[in-house]
Amino acid sequence: MWESTVSKFAKKTIFYILITSLIIIILTPLYFLVSLSFLSSREAYQFPLPLVPAISSEFKLEKGDKGYILSIYEKKDGEYQTMLDTSNMEKMSRYMKTQLNVDISIEKLENYISKLDQQNEVYFKNYKGLLHNYQTFFAITRDAVPALIRSLQVAGLTILISLSIGGMAGYAFARYIFKGKNALKVSVLFVRVFPAVAIAMPMVIILATIGFYDKPIGLSLVYSVGTIALTIWVTASIFLGIPVELEEAAQVFGATKLRTFINITIPLALPGLAACAMYAFIGAWNETVSAIILTQFNPTFAVVVYQTLLGASAQVNLAAAGGILMALPMVLFTLFIRKYINQMWGGVTA
Amino acid sequence: MANLKLNHITKRFGKNVLAVKDISLEVHDGEFLVLLGPSGCGKTTTLRMIAGLEEITKGRITIDEDDITNLPPWKRNMSMIFQSYAIWPHMTVYQNISYALKLKGMSKKEIDKIVKEVAEMTDISIYLERYPNQLSGGQRQRVAVARAVSVKPRIFLMDEPLSNLDAILRVYMRTELKSIHKKTKATTIFVTHDQSEAMSLADRIVIMKDGEIVQTGTTDEVYHNSKNMFVANFIGAPPTNFTEVTITVKDGKYNLVNPDFKIILKDKIAHRLKDYNNKKMIIGVRPENIMVVDEKDAVMSVKCLLVEPQGSHQVIIFKINDKIAKLVISGGTKIKSGDTFFLNFKQEKILFFDYESHEEI
């Protein structure tokens with residue numbers, strides 16, 4: 001009796017330790033991404049990386065050789081560290097803004113400096129602009145907002161195309177018997193074996209020919225090729241799980257085939273359709289490689305975020321802010337669609 | 001008013017499966033017709049063809065002279081109760097019942113009135129806002145009935161609607177269906193494999209086997225004048241007892257002779273058997289038509305093998321000509337297994353079948 005209690009307790013403890021470790025493994029990168037997006041450039045390139053972004057910074061001003069010396073309080077060392085020595089207030093203000101994420105006006109700085117006539121050092125504290133990286137991200141990327149809209153268009157169109165074509169094909173696979181059904185069902189998966197990069201060039205030529213190059217519709221067509229295959233397989237098995245009698249009953253009671261499909265079949269298949277929509281959305285939203293090749297002047301948001309990682313001006317904290325901005329719509333969409341995925345009707349499969 | 005006619009209906013699945021073979025049938029207005037047969041006999045296929053859910057390979061279906069052979073199900077104005085009930089799980093009971101009415105373009109007020117009315121009739125008024133998964137099997141069945149009644153169909157189709165219910169509920173719903181039919185007076189076609197269900201519900205029973213109609217008639221007709229051995233065996237519980245006999249004629253009297261007994265037939269029964277002199281045939285006797293009698297009135301004596309008490313009556317199991325036979329007598333009679341007792345048959349009720357064709361003579 002006592003032994004079994006102990007073993008039960010031990011099992012439970014091990015179980016929770018495992019669960020906790022798993023959660024930590026999953027959440028750690030996410031945490032650093034979020035934390036990084038709030039760090040100033042100076043903090044972001046420190047070692048070790050601060051675990052928590054500072055909310056405010058303490059400064060010291062004193063007279064120097066070239067003008068005035070600005071120092072920042074370093075918590076881990078417990079002392080002030082010299083940042084720069086200049087008489088140019090404009091330069092000092094800009095430096096604080098870009099490197100330290102502190103927004104302070106030139107007048108205010110001059111005001112502090114005027115106090116140096118009476119005393120040797122002036123101390124002051126200023127809050128950091130927490131969303132500073134996000135503002136900078138939109139400021140330095142050429143067209144982040146239009147790109148965001150384009151990405152939404154691409155994702156929406158991909159859902160529309162893959163659900164309408166894949167869903168109908170899935171229904172046909174589930175309900176009708178025809179020649180070559182199994183061969184066809186396997187062959188739709190075949191398109192997924194080609195890597196996106198390999199077929200990107202032919203795609204550019206095809207899209208350019210039909211006038212869809214560098215347009216959201218062109219990208220969504222390319223993405224749909226892959227998602228349709230998956231949608232067919234998922235929806236076919238969902239439709240198979242819906243008893244035919246439910247549809248037949250609707251027809252006997254006066255509903256045409258189309259109406260039956262809309263009123264009976266689709267609501268019952270909603271969880272599967274929602275899962276497919278989510279998959280299509282995430283796929284289209286994240287995809288970068290094809291998007292880089294298939295767009296030129298009208299990139300998607302993923303391409304814009306990718307570009308912040310390139311070149312001399314690349315800053316890891318800006319890229320993190322971009323990453324968060326990119327993840328946000330996906331999280332929202334997933335939360336929105338979650339309730340449909342969970343909505344399994346009792347008795348549908350019975 | 002709905003008079004349904006099936007003219008030489010044939011249904012073929014693929015190339016080799018012939019599910020229904022050239023069936024002709026007329027269902028009269030207001031009639032409760034039962035299609036009865038073992039599984040795979042084509043009764044459900046026939047019903048589905050009437051509903052329009054199955055294409056007809058050959059033949060014509062008419063309602064009141066309107067040809068509906070190629071009409072899609074949604075234009076036939078019928079209603080159906082499915083074996084699985086087929087009530088839509090994503091709709092409340094109210095929505096389930098009102099869906100068909102909405103499709104007919106009725107106003108909200110009319111719909112509400114009808115839904116309340118049929119819900120009252122089927123005793124589900126308090127469940128209208130519930131979803132099907134919150135209902136028991138019996139309640140779901142009632143929803144299916146309410147939905148079928150609400151549309152006031154020309155023809156009511158029921159595909160084994162009671163087979164998913166437990167025994168007590170099944171008998172109860174049987175009575176309910178019968179009383180609903182009495183109220184609505186709708187032409188009804190009911191499919192079942194349960195002969196007692198068929199006999200208790202039907203105005204007329206159509207017995208099917210291997211895609212063909214074997215016999216059509218009222219409960220009494222198919223029970224007492226079974227057309228062949230299949231019907232005699234299928235209808236009634238316990239089933240009819242069969243035994244082989246040879247006919248001999250002696251002194252102008254027809255005798256049925258068998259290793260176990262010799263029956264001298266009355267003249268009015270014997271005249272049917274003129275062509276069977278010295279031939280083998282099979283007779284069928286229903287369990288209640290075998291009487292336990294005194295030795296002087298008996299045609300044979302048998303040993304009781306088993307007694308199955310049923311309360312009001314009991315089933316006695318014994319052997320005729322080395323084959324198990326059963327008879328039914330009232331519960332009061334004292335016979336124990338191992339007892340020897342004496343039998344006679346009610347001659348008027350004996351069924352005669354051809355030895356080769358198994359058809360009634």
# chains A, B, ... in the order shown; residues from 1 in each chain; ligands from 1

call {"tool": "closest_atom_pairs", "arguments": {"of": "chain B", "to": "chain A", "cutoff": "10 Å", "atoms": "only C-alpha atoms", "output": "CSV"}}
result
residue,atom,partner,partner_atom,distance
B:Arg48,CA,A:Glu248,CA,9.8
B:Ala51,CA,A:Val252,CA,6.8
B:Gly52,CA,A:Val252,CA,7.9
B:Leu53,CA,A:Glu248,CA,7.0
B:Pro72,CA,A:Gln251,CA,8.4
B:Pro73,CA,A:Val252,CA,5.1
B:Trp74,CA,A:Gly254,CA,3.9
B:Lys75,CA,A:Gly254,CA,6.5
B:Arg76,CA,A:Val252,CA,7.6
B:Asn77,CA,A:Gly254,CA,7.1
B:Met78,CA,A:Val252,CA,6.4
B:Ser79,CA,A:Phe253,CA,6.0
B:Met80,CA,A:Val252,CA,6.9
B:Ile81,CA,A:Ala249,CA,8.2
B:Phe82,CA,A:Glu245,CA,7.4
B:Gln83,CA,A:Glu245,CA,9.1
B:Ser84,CA,A:Glu245,CA,7.8
B:Tyr85,CA,A:Glu245,CA,8.4
B:Ala86,CA,A:Leu246,CA,4.9
B:Ile87,CA,A:Leu246,CA,6.7
B:Trp88,CA,A:Leu246,CA,6.3
B:Pro89,CA,A:Trp345,CA,6.1
B:His90,CA,A:Trp345,CA,6.3
B:Met91,CA,A:Ile264,CA,9.3
B:Asn96,CA,A:Ala250,CA,9.9
B:Tyr99,CA,A:Phe253,CA,8.2
B:Ala100,CA,A:Phe253,CA,5.3
B:Leu101,CA,A:Phe253,CA,8.6
B:Lys102,CA,A:Gly254,CA,9.6
B:Leu103,CA,A:Gly254,CA,6.4
B:Lys104,CA,A:Gly254,CA,7.5
B:Tyr131,CA,A:Gly346,CA,9.0
B:Pro132,CA,A:Gly346,CA,7.9
B:Asn133,CA,A:Gly346,CA,5.4
B:Gln134,CA,A:Gly346,CA,8.8
B:Ala144,CA,A:Ala249,CA,10.0
B:Arg147,CA,A:Phe253,CA,8.9
B:Ala148,CA,A:Phe253,CA,8.2
B:Val151,CA,A:Phe253,CA,7.9
B:Pro153,CA,A:Phe253,CA,9.2
B:Leu157,CA,A:Val252,CA,9.9

call {"tool": "select_by_dssp", "arguments": {"residues": "region 146-331 of chain B", "states": "helix (DSSP H, G or I)", "output": "VMD selection string"}}
result
chain B and resid 146 to 150 167 to 184 195 to 201 219 to 224 229 to 234 267 to 276 287 to 289 295 to 297

call {"tool": "closest_residue", "arguments": {"among": "A:Ile161, A:Ile149, A:Lys339, A:Ile266", "to": "Thr300 (chain A)", "atoms": "only C-alpha atoms"}}
result
A:Ile149

call {"tool": "residues_around", "arguments": {"residues": "Ser24 (chain B)", "least_positions_apart": "5", "cutoff": "9 Å", "atoms": "only C-alpha atoms", "output": "ChimeraX atom specification"}}
result
/B:5-9,59,213

call {"tool": "residues_around", "arguments": {"residues": "Phe173 (chain A)", "least_positions_apart": "6", "cutoff": "9 Å", "atoms": "only C-alpha atoms", "output": "NGL selection string"}}
result
:A and (181-182 or 185 or 232-233 or 236-237 or 239-240)

call {"tool": "write_last_selection", "arguments": {"atoms": "C-alpha atoms", "output": "PDB file, in the first residue's frame"}}
result
ATOM      1  CA  LYS A 181      -9.125   6.685 -58.139  1.00  0.00           C
ATOM      2  CA  ASN A 182      -6.292   5.326 -56.038  1.00  0.00           C
ATOM      3  CA  LYS A 185      -5.064  10.051 -55.060  1.00  0.00           C
ATOM      4  CA  ILE A 232      -7.393  16.428 -50.500  1.00  0.00           C
ATOM      5  CA  TRP A 233      -6.036  13.770 -48.173  1.00  0.00           C
ATOM      6  CA  ALA A 236     -11.239  12.933 -47.999  1.00  0.00           C
ATOM      7  CA  SER A 237     -10.860  11.124 -44.703  1.00  0.00           C
ATOM      8  CA  PHE A 239     -15.797  13.314 -45.547  1.00  0.00           C
ATOM      9  CA  LEU A 240     -15.521   9.532 -45.294  1.00  0.00           C
TER      10      LEU A 240
END

call {"tool": "residues_around", "arguments": {"residues": "region 120-122 of chain B", "least_positions_apart": "4", "cutoff": "12 Å", "atoms": "only C-alpha atoms", "output": "JSON, numbers by chain"}}
result
{"B": [97, 113, 114, 115, 116, 126, 127, 128, 138, 139, 140, 141, 142, 143, 144, 145, 146, 147, 148, 149, 150, 173, 176, 177, 179, 180, 181, 183, 184]}

call {"tool": "write_last_selection", "arguments": {"atoms": "N, CA and C atoms", "output": "PDB file, in the first residue's frame"}}
result
ATOM      1  N   ILE B  97     -36.008  19.358 -37.223  1.00  0.00           N
ATOM      2  CA  ILE B  97     -37.388  19.203 -37.691  1.00  0.00           C
ATOM      3  C   ILE B  97     -37.745  20.300 -38.688  1.00  0.00           C
ATOM      4  N   LYS B 113     -45.339  26.514 -35.744  1.00  0.00           N
ATOM      5  CA  LYS B 113     -46.578  25.828 -35.387  1.00  0.00           C
ATOM      6  C   LYS B 113     -46.462  24.319 -35.648  1.00  0.00           C
ATOM      7  N   ILE B 114     -45.942  23.982 -36.831  1.00  0.00           N
ATOM      8  CA  ILE B 114     -45.830  22.564 -37.178  1.00  0.00           C
ATOM      9  C   ILE B 114     -44.829  21.848 -36.274  1.00  0.00           C
ATOM     10  N   VAL B 115     -43.689  22.505 -36.027  1.00  0.00           N
ATOM     11  CA  VAL B 115     -42.670  21.872 -35.187  1.00  0.00           C
ATOM     12  C   VAL B 115     -43.247  21.571 -33.809  1.00  0.00           C
ATOM     13  N   LYS B 116     -43.938  22.559 -33.235  1.00  0.00           N
ATOM     14  CA  LYS B 116     -44.519  22.366 -31.901  1.00  0.00           C
ATOM     15  C   LYS B 116     -45.519  21.204 -31.923  1.00  0.00           C
ATOM     16  N   ILE B 126     -39.876  18.943 -24.825  1.00  0.00           N
ATOM     17  CA  ILE B 126     -38.913  19.542 -23.905  1.00  0.00           C
ATOM     18  C   ILE B 126     -37.471  19.422 -24.397  1.00  0.00           C
ATOM     19  N   TYR B 127     -37.263  18.711 -25.510  1.00  0.00           N
ATOM     20  CA  TYR B 127     -35.893  18.540 -25.986  1.00  0.00           C
ATOM     21  C   TYR B 127     -35.572  19.415 -27.189  1.00  0.00           C
ATOM     22  N   LEU B 128     -36.491  20.296 -27.577  1.00  0.00           N
ATOM     23  CA  LEU B 128     -36.342  21.005 -28.854  1.00  0.00           C
ATOM     24  C   LEU B 128     -35.028  21.761 -28.988  1.00  0.00           C
ATOM     25  N   GLY B 138     -33.689   6.268 -27.986  1.00  0.00           N
ATOM     26  CA  GLY B 138     -35.137   6.340 -28.172  1.00  0.00           C
ATOM     27  C   GLY B 138     -35.589   7.748 -28.516  1.00  0.00           C
ATOM     28  N   GLN B 139     -34.941   8.734 -27.865  1.00  0.00           N
ATOM     29  CA  GLN B 139     -35.318  10.123 -28.140  1.00  0.00           C
ATOM     30  C   GLN B 139     -34.897  10.532 -29.556  1.00  0.00           C
ATOM     31  N   ARG B 140     -33.739  10.066 -29.977  1.00  0.00           N
ATOM     32  CA  ARG B 140     -33.290  10.367 -31.342  1.00  0.00           C
ATOM     33  C   ARG B 140     -34.270   9.784 -32.352  1.00  0.00           C
ATOM     34  N   GLN B 141     -34.720   8.569 -32.048  1.00  0.00           N
ATOM     35  CA  GLN B 141     -35.696   7.902 -32.906  1.00  0.00           C
ATOM     36  C   GLN B 141     -36.949   8.771 -33.049  1.00  0.00           C
ATOM     37  N   ARG B 142     -37.376   9.353 -31.918  1.00  0.00           N
ATOM     38  CA  ARG B 142     -38.575  10.193 -31.948  1.00  0.00           C
ATOM     39  C   ARG B 142     -38.346  11.440 -32.785  1.00  0.00           C
ATOM     40  N   VAL B 143     -37.114  11.979 -32.690  1.00  0.00           N
ATOM     41  CA  VAL B 143     -36.799  13.157 -33.507  1.00  0.00           C
ATOM     42  C   VAL B 143     -36.910  12.784 -34.984  1.00  0.00           C
ATOM     43  N   ALA B 144     -36.371  11.615 -35.327  1.00  0.00           N
ATOM     44  CA  ALA B 144     -36.441  11.159 -36.722  1.00  0.00           C
ATOM     45  C   ALA B 144     -37.892  11.009 -37.168  1.00  0.00           C
ATOM     46  N   VAL B 145     -38.731  10.493 -36.272  1.00  0.00           N
ATOM     47  CA  VAL B 145     -40.149  10.335 -36.598  1.00  0.00           C
ATOM     48  C   VAL B 145     -40.798  11.704 -36.762  1.00  0.00           C
ATOM     49  N   ALA B 146     -40.507  12.618 -35.817  1.00  0.00           N
ATOM     50  CA  ALA B 146     -41.103  13.953 -35.861  1.00  0.00           C
ATOM     51  C   ALA B 146     -40.724  14.657 -37.165  1.00  0.00           C
ATOM     52  N   ARG B 147     -39.445  14.540 -37.541  1.00  0.00           N
ATOM     53  CA  ARG B 147     -38.976  15.184 -38.767  1.00  0.00           C
ATOM     54  C   ARG B 147     -39.699  14.603 -39.979  1.00  0.00           C
ATOM     55  N   ALA B 148     -39.890  13.285 -39.965  1.00  0.00           N
ATOM     56  CA  ALA B 148     -40.538  12.631 -41.099  1.00  0.00           C
ATOM     57  C   ALA B 148     -42.013  13.010 -41.188  1.00  0.00           C
ATOM     58  N   VAL B 149     -42.652  13.157 -40.026  1.00  0.00           N
ATOM     59  CA  VAL B 149     -44.086  13.471 -40.011  1.00  0.00           C
ATOM     60  C   VAL B 149     -44.316  14.916 -40.428  1.00  0.00           C
ATOM     61  N   SER B 150     -43.395  15.809 -40.015  1.00  0.00           N
ATOM     62  CA  SER B 150     -43.632  17.247 -40.160  1.00  0.00           C
ATOM     63  C   SER B 150     -43.866  17.679 -41.608  1.00  0.00           C
ATOM     64  N   MET B 173     -42.208   1.536 -29.469  1.00  0.00           N
ATOM     65  CA  MET B 173     -42.195   2.425 -30.635  1.00  0.00           C
ATOM     66  C   MET B 173     -43.029   1.855 -31.770  1.00  0.00           C
ATOM     67  N   GLU B 176     -46.326   3.068 -31.225  1.00  0.00           N
ATOM     68  CA  GLU B 176     -46.349   4.500 -31.520  1.00  0.00           C
ATOM     69  C   GLU B 176     -46.449   4.745 -33.028  1.00  0.00           C
ATOM     70  N   LEU B 177     -45.600   4.027 -33.783  1.00  0.00           N
ATOM     71  CA  LEU B 177     -45.593   4.202 -35.238  1.00  0.00           C
ATOM     72  C   LEU B 177     -46.955   3.870 -35.825  1.00  0.00           C
ATOM     73  N   SER B 179     -49.823   4.048 -34.316  1.00  0.00           N
ATOM     74  CA  SER B 179     -50.835   5.052 -33.981  1.00  0.00           C
ATOM     75  C   SER B 179     -50.589   6.341 -34.765  1.00  0.00           C
ATOM     76  N   ILE B 180     -49.304   6.647 -35.038  1.00  0.00           N
ATOM     77  CA  ILE B 180     -49.007   7.826 -35.858  1.00  0.00           C
ATOM     78  C   ILE B 180     -49.524   7.607 -37.278  1.00  0.00           C
ATOM     79  N   HIS B 181     -49.362   6.399 -37.769  1.00  0.00           N
ATOM     80  CA  HIS B 181     -49.878   6.088 -39.104  1.00  0.00           C
ATOM     81  C   HIS B 181     -51.391   6.237 -39.148  1.00  0.00           C
ATOM     82  N   LYS B 183     -53.125   8.276 -37.376  1.00  0.00           N
ATOM     83  CA  LYS B 183     -53.445   9.705 -37.348  1.00  0.00           C
ATOM     84  C   LYS B 183     -53.174  10.368 -38.687  1.00  0.00           C
ATOM     85  N   THR B 184     -51.988  10.069 -39.279  1.00  0.00           N
ATOM     86  CA  THR B 184     -51.593  10.802 -40.485  1.00  0.00           C
ATOM     87  C   THR B 184     -52.186  10.205 -41.751  1.00  0.00           C
TER      88      THR B 184
END

call {"tool": "atom_distance", "arguments": {"atom1": "CA of Gly218 (chain A)", "atom2": "CA of Ser187 (chain A)"}}
result
23.0 Å

call {"tool": "residues_around", "arguments": {"residues": "Lys227 (chain B)", "least_positions_apart": "5", "cutoff": "12 Å", "atoms": "only C-alpha atoms", "output": "list in words"}}
result
Val206, Ile207, Ile213, Val214, Gln215, Thr216, Gly217, Glu221, Val222, Ala232, Asn233, Phe234, Ile235, Gly284, Leu351, Phe352, Phe353, Asp354, Ser357, His358, Glu359, Glu360 and Ile361 of chain B

call {"tool": "residues_around", "arguments": {"residues": "Glu308 (chain B)", "least_positions_apart": "6", "cutoff": "12 Å", "atoms": "only C-alpha atoms", "output": "mmCIF file with C-alpha atoms, in the first residue's frame"}}
result
data_model
loop_
_atom_site.group_PDB
_atom_site.id
_atom_site.type_symbol
_atom_site.label_atom_id
_atom_site.label_comp_id
_atom_site.auth_asym_id
_atom_site.auth_seq_id
_atom_site.Cartn_x
_atom_site.Cartn_y
_atom_site.Cartn_z
ATOM 1 C CA PRO B 238 -41.206 -20.703 -33.552
ATOM 2 C CA GLN B 314 -44.808 -23.065 -23.404
ATOM 3 C CA VAL B 315 -42.814 -24.482 -26.269
ATOM 4 C CA ILE B 316 -42.388 -28.257 -26.280
ATOM 5 C CA ILE B 317 -39.481 -29.607 -28.277
ATOM 6 C CA PHE B 318 -39.571 -33.140 -29.647
ATOM 7 C CA LYS B 326 -41.763 -27.604 -31.804
ATOM 8 C CA LEU B 327 -45.301 -27.173 -30.585
ATOM 9 C CA VAL B 328 -46.935 -24.464 -28.535
ATOM 10 C CA ILE B 329 -49.463 -25.216 -25.810
ATOM 11 C CA SER B 330 -50.934 -23.226 -22.976
ATOM 12 C CA GLY B 331 -48.822 -22.654 -19.898
ATOM 13 C CA ILE B 335 -45.358 -31.950 -19.612
ATOM 14 C CA LYS B 336 -41.806 -32.454 -18.461
ATOM 15 C CA SER B 337 -38.772 -33.282 -20.573
#
